[in-house]
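Quick look at run.csv (CSV, C-alpha atoms):
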chain,number,residue,atom,x,y,z
A,1,MET,CA,5.4,-30.2,-43.8
A,2,GLU,CA,3.3,-27.8,-41.7
A,3,VAL,CA,1.1,-29.3,-39.0
A,4,THR,CA,-1.0,-27.8,-36.3
A,5,ALA,CA,-0.2,-27.6,-32.6
A,6,LEU,CA,-2.9,-30.2,-32.0
A,7,CYS,CA,-1.3,-32.8,-34.1
A,8,ILE,CA,2.2,-32.3,-32.8
A,9,GLN,CA,1.2,-31.4,-29.3
A,10,ILE,CA,3.6,-28.6,-29.3
A,11,PHE,CA,2.8,-25.1,-28.2
A,12,MET,CA,4.5,-21.8,-27.9
A,13,ASN,CA,4.3,-19.7,-24.7
A,14,VAL,CA,5.4,-16.2,-24.3
A,15,PHE,CA,6.4,-15.0,-20.8
A,16,VAL,CA,7.4,-11.6,-19.5
A,17,LEU,CA,10.4,-11.8,-17.3
A,18,LEU,CA,10.2,-9.1,-14.7
A,19,SER,CA,13.9,-8.5,-13.6
A,20,THR,CA,14.6,-7.0,-10.2
A,21,GLN,CA,17.1,-4.2,-10.0
A,22,ALA,CA,20.7,-5.3,-9.7
A,23,CYS,CA,19.6,-8.9,-9.3
A,24,LEU,CA,19.5,-11.9,-11.6
A,25,SER,CA,16.3,-13.4,-10.2
A,26,TYR,CA,13.0,-12.8,-11.9
A,27,THR,CA,9.3,-13.7,-11.8
A,28,VAL,CA,7.8,-15.6,-14.7
A,29,GLN,CA,4.2,-14.7,-15.5
A,30,LYS,CA,1.6,-16.5,-17.6
A,31,PRO,CA,1.5,-15.1,-21.2
A,32,ASP,CA,-1.5,-12.8,-21.7
A,33,ARG,CA,-0.4,-10.4,-24.4
A,34,LEU,CA,1.3,-9.9,-27.7
A,35,GLN,CA,2.6,-6.4,-27.3
A,36,PHE,CA,5.6,-5.3,-25.2
A,37,PHE,CA,7.5,-2.1,-24.3
A,38,GLU,CA,11.1,-1.8,-25.3
A,39,TYR,CA,13.6,-3.0,-22.5
A,40,GLU,CA,11.2,-5.7,-21.3
A,41,SER,CA,12.5,-9.2,-21.3
A,42,VAL,CA,10.6,-11.8,-23.3
A,43,PHE,CA,10.9,-15.6,-23.0
A,44,VAL,CA,9.6,-17.7,-25.9
A,45,ASN,CA,9.3,-21.4,-25.2
A,46,CYS,CA,8.3,-24.5,-27.2
A,47,GLY,CA,6.7,-27.4,-25.4
A,48,GLU,CA,9.1,-30.3,-25.5
A,49,ASP,CA,8.3,-34.0,-26.2
A,50,LYS,CA,11.2,-36.4,-25.6
A,51,ASP,CA,9.7,-38.9,-28.1
A,52,MET,CA,9.8,-36.4,-30.9
A,53,ASN,CA,12.5,-34.4,-32.8
A,54,PRO,CA,14.0,-31.5,-30.8
A,55,TRP,CA,12.1,-28.2,-31.2
A,56,ARG,CA,13.6,-24.8,-31.5
A,57,VAL,CA,12.2,-21.3,-31.7
A,58,MET,CA,12.2,-19.7,-35.1
A,59,ARG,CA,11.4,-16.1,-36.0
A,60,LYS,CA,11.0,-13.7,-38.9
A,61,LEU,CA,11.7,-10.2,-37.8
A,62,SER,CA,9.4,-7.8,-39.6
A,63,LYS,CA,11.7,-4.9,-39.9
A,64,ILE,CA,15.1,-6.5,-40.6
A,65,SER,CA,14.5,-10.0,-42.1
A,66,PRO,CA,14.6,-10.3,-45.9
A,67,ALA,CA,11.4,-11.5,-47.6
A,68,ASN,CA,10.6,-15.1,-46.9
A,69,VAL,CA,13.7,-15.5,-44.7
A,70,SER,CA,13.6,-16.8,-41.2
A,71,GLU,CA,16.2,-17.5,-38.5
A,72,ALA,CA,16.6,-19.6,-35.5
A,73,CYS,CA,16.1,-17.7,-32.2
A,74,SER,CA,17.3,-20.8,-30.4
A,75,ASN,CA,19.2,-23.8,-31.7
A,76,PRO,CA,19.0,-26.5,-30.5
A,77,ALA,CA,17.4,-25.4,-27.2
A,78,PRO,CA,13.5,-25.2,-27.3
A,79,SER,CA,13.5,-21.8,-25.7
A,80,CYS,CA,14.7,-18.3,-26.4
A,81,ILE,CA,15.2,-15.3,-24.1
A,82,ILE,CA,15.3,-11.8,-25.6
A,83,ASP,CA,16.7,-9.4,-23.0
A,84,PRO,CA,16.2,-6.5,-23.5
A,85,THR,CA,13.7,-6.3,-26.3
A,86,PHE,CA,13.8,-3.5,-29.0
A,87,GLU,CA,11.4,-2.6,-31.9
A,88,LYS,CA,13.6,-4.7,-34.2
A,89,HIS,CA,12.5,-7.9,-32.3
A,90,SER,CA,8.9,-7.5,-33.6
A,91,GLY,CA,7.8,-10.2,-35.9
A,92,GLU,CA,6.6,-13.8,-36.1
A,93,TYR,CA,7.8,-16.5,-33.7
A,94,TRP,CA,7.0,-20.2,-34.0
A,95,CYS,CA,8.3,-23.6,-33.0
A,96,GLU,CA,10.0,-25.9,-35.6
A,97,ASN,CA,11.9,-29.1,-35.8
A,98,ASP,CA,14.4,-30.7,-38.2
A,99,GLU,CA,11.5,-32.5,-40.0
A,100,GLY,CA,10.0,-29.2,-41.0
A,101,GLU,CA,7.0,-29.5,-38.7
A,102,ARG,CA,6.0,-26.2,-37.1
A,103,SER,CA,3.5,-24.8,-34.7
A,104,GLN,CA,1.2,-21.8,-35.4
A,105,ALA,CA,3.0,-18.5,-35.2
A,106,LEU,CA,2.7,-15.7,-32.7
A,107,ASN,CA,3.0,-12.1,-33.9
A,108,ILE,CA,4.9,-10.2,-31.3
A,109,SER,CA,5.1,-6.4,-31.3
A,110,VAL,CA,7.7,-4.4,-29.4
A,111,THR,CA,7.2,-0.6,-29.3
A,112,ALA,CA,9.4,2.3,-28.3
A,113,GLY,CA,6.3,4.3,-27.6
A,114,PRO,CA,4.4,4.6,-24.3
A,115,VAL,CA,1.2,2.8,-25.3
A,116,ILE,CA,0.4,-0.9,-25.8
A,117,LEU,CA,-2.8,-2.9,-26.3
A,118,LYS,CA,-3.1,-5.8,-24.0
A,119,VAL,CA,-4.7,-8.5,-26.3
A,120,SER,CA,-4.7,-12.2,-25.7
A,121,ALA,CA,-1.7,-14.1,-27.1
A,122,GLN,CA,-3.9,-17.2,-27.6
A,123,PRO,CA,-7.1,-17.5,-29.7
A,124,VAL,CA,-10.3,-16.9,-27.7
A,125,LYS,CA,-13.3,-19.1,-27.7
A,126,GLU,CA,-16.4,-18.1,-29.6
A,127,GLY,CA,-19.1,-17.0,-27.1
A,128,SER,CA,-16.7,-15.8,-24.5
A,129,ASP,CA,-16.2,-12.2,-23.2
A,130,VAL,CA,-12.9,-10.6,-24.1
A,131,THR,CA,-11.5,-7.4,-22.5
A,132,LEU,CA,-8.9,-5.4,-24.4
A,133,ARG,CA,-6.8,-3.0,-22.3
A,134,CYS,CA,-5.0,0.2,-23.4
A,135,ILE,CA,-1.9,0.6,-21.2
A,136,ASN,CA,0.2,3.7,-20.7
A,137,LYS,CA,3.6,2.7,-19.2
A,138,ASN,CA,4.1,6.2,-17.8
A,139,THR,CA,1.0,6.2,-15.5
A,140,GLU,CA,-1.4,3.8,-13.8
A,141,LYS,CA,-4.2,6.5,-13.7
A,142,THR,CA,-7.5,5.9,-15.6
A,143,HIS,CA,-7.4,7.6,-19.0
A,144,ILE,CA,-9.6,8.1,-22.0
A,145,SER,CA,-8.9,5.4,-24.7
A,146,ASP,CA,-10.0,5.0,-28.3
A,147,PHE,CA,-10.2,1.5,-29.6
A,148,TYR,CA,-9.9,0.5,-33.3
A,149,LYS,CA,-10.6,-2.6,-35.4
A,150,ASP,CA,-9.1,-3.0,-38.9
A,151,GLY,CA,-8.4,0.8,-38.9
A,152,PHE,CA,-11.9,1.9,-37.9
A,153,ARG,CA,-12.6,3.5,-34.5
A,154,LEU,CA,-15.0,1.4,-32.5
A,155,LYS,CA,-15.6,3.5,-29.5
A,156,THR,CA,-14.1,5.9,-26.9
A,157,TYR,CA,-13.9,4.6,-23.4
A,158,TYR,CA,-13.4,6.7,-20.3
A,159,LYS,CA,-11.5,3.8,-18.7
A,160,THR,CA,-8.6,1.6,-19.8
A,161,GLY,CA,-10.5,-1.4,-21.0
A,162,MET,CA,-13.1,-2.3,-23.6
A,163,THR,CA,-15.0,-5.6,-23.3
A,164,LEU,CA,-16.3,-7.5,-26.3
A,165,SER,CA,-19.3,-9.6,-25.2
A,166,LYS,CA,-19.9,-13.0,-26.6
A,167,VAL,CA,-17.3,-12.8,-29.4
A,168,SER,CA,-17.9,-14.5,-32.7
A,169,LYS,CA,-15.8,-15.0,-35.8
A,170,SER,CA,-16.8,-11.5,-37.0
A,171,ASP,CA,-14.7,-10.1,-34.1
A,172,ASP,CA,-11.5,-11.5,-35.7
A,173,GLY,CA,-9.3,-8.7,-36.8
A,174,LEU,CA,-6.5,-6.2,-36.1
A,175,TYR,CA,-7.0,-4.2,-33.0
A,176,LYS,CA,-5.1,-1.1,-31.6
A,177,CYS,CA,-5.8,1.7,-29.2
A,178,SER,CA,-4.8,5.3,-28.6
A,179,ILE,CA,-4.5,7.5,-25.6
A,180,SER,CA,-4.9,11.3,-26.1
A,181,GLY,CA,-1.6,13.1,-25.5
A,182,ALA,CA,0.4,9.8,-25.3
A,183,GLY,CA,0.1,8.1,-28.6
A,184,GLU,CA,-1.2,4.8,-30.1
A,185,SER,CA,-0.3,1.2,-29.7
A,186,PRO,CA,0.8,-1.2,-32.5
A,187,GLU,CA,-1.8,-3.4,-34.1
A,188,SER,CA,-2.3,-7.0,-33.0
A,189,TRP,CA,-4.6,-9.8,-34.4
A,190,LEU,CA,-7.4,-11.1,-32.1
A,191,ALA,CA,-8.3,-14.6,-33.2
A,192,VAL,CA,-11.7,-16.2,-32.3
A,193,VAL,CA,-12.1,-19.9,-32.6
A,194,LYS,CA,-15.1,-22.3,-32.3
A,195,PRO,CA,-15.1,-24.3,-29.1
A,196,LYS,CA,-14.4,-27.5,-31.0
A,197,GLU,CA,-11.1,-25.9,-32.2
A,198,GLU,CA,-10.0,-25.1,-28.7
A,199,GLY,CA,-7.7,-28.1,-28.4
A,200,MET,CA,-5.5,-26.7,-31.2
A,201,PHE,CA,-4.2,-24.0,-28.8
A,202,GLU,CA,-3.1,-25.7,-25.6
A,203,THR,CA,-1.4,-23.5,-23.0

What would the structure in this file look like if it were written as structure tokens?
Amino acid sequence: MEVTALCIQIFMNVFVLLSTQACLSYTVQKPDRLQFFEYESVFVNCGEDKDMNPWRVMRKLSKISPANVSEACSNPAPSCIIDPTFEKHSGEYWCENDEGERSQALNISVTAGPVILKVSAQPVKEGSDVTLRCINKNTEKTHISDFYKDGFRLKTYYKTGMTLSKVSKSDDGLYKCSISGAGESPESWLAVVKPKEEGMFET
């Protein structure tokens, strides 16, 4: 039985673990994107409720999983660390328990290329301003970026970010970006929800 994150009060967080050189310590950052470069470490965690059935991270890898087949990324622990990540780790990740209850899924993309789109991992509220950023892992300099929605070019920006003002449901869609001479990012879905639906996506 599928239920929403609101009903089961379970949520999925994705963190980037920034490992220091020759050291086991790392810094955990708040999740703010769905796209990652290869060799980053990704931590996927399910919120845990001791009064409910144990939760585990499930996934369906888009490039290597057979149709309609998922696997446990963690069992029985409610968290999963992928270190390092590769393109093969791209796919859907969600939380599930033995009763068949599951959270909403996050679509994580890992690329071997030098460009990612920084897009919110959580749905954004209708009426808010949302900035999408095109990131080149090889340089921090400002660059010209093209942004696309559902395969159509929206605009060329002479900076790394594009701001969508007062988003509405019409802004739902698949977004990607490209940088001249570097390449393009994978596509990720930006979800826009009405304010009354906000509680469905606790973080």

Which residues of range 147-169 of chain A sit at most 10 Å from range 114-129 of chain A, using all atoms listed in the file? Give each one's shortest atom pair and distance in Å (one decimal place), in chain and ascending residue order, as a tab-separated table.
residue	atom	partner	partner_atom	distance
A:Phe147	CA	A:Leu117	CA	9.2
A:Thr160	CA	A:Leu117	CA	9.8
A:Gly161	CA	A:Lys118	CA	9.1
A:Thr163	CA	A:Asp129	CA	6.7
A:Leu164	CA	A:Asp129	CA	5.6
A:Ser165	CA	A:Asp129	CA	4.5
A:Lys166	CA	A:Gly127	CA	4.1
A:Val167	CA	A:Gly127	CA	5.1
A:Ser168	CA	A:Glu126	CA	5.0
A:Lys169	CA	A:Glu126	CA	7.0

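Here CA of Leu34 in chain A stands at a distance of 23.2 Å from CA of Glu101 in chain A.
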
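Using only C-alpha atoms, the nearest neighbour of Arg153 in chain A within the list A:Arg133, A:Tyr175, A:Asn138, A:Glu40 is A:Tyr175.
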
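When all atoms listed in the file are used to compute distances to Pro54 in chain A, the closest of the residues A:Gln104, A:Ser178, A:Asn97, A:Val110 turns out to be A:Asn97.
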
Worksheet entry | Interatomic distance (Å, one decimal) between CA of Asn75 in chain A and CA of Trp55 in chain A | 8.4 Å
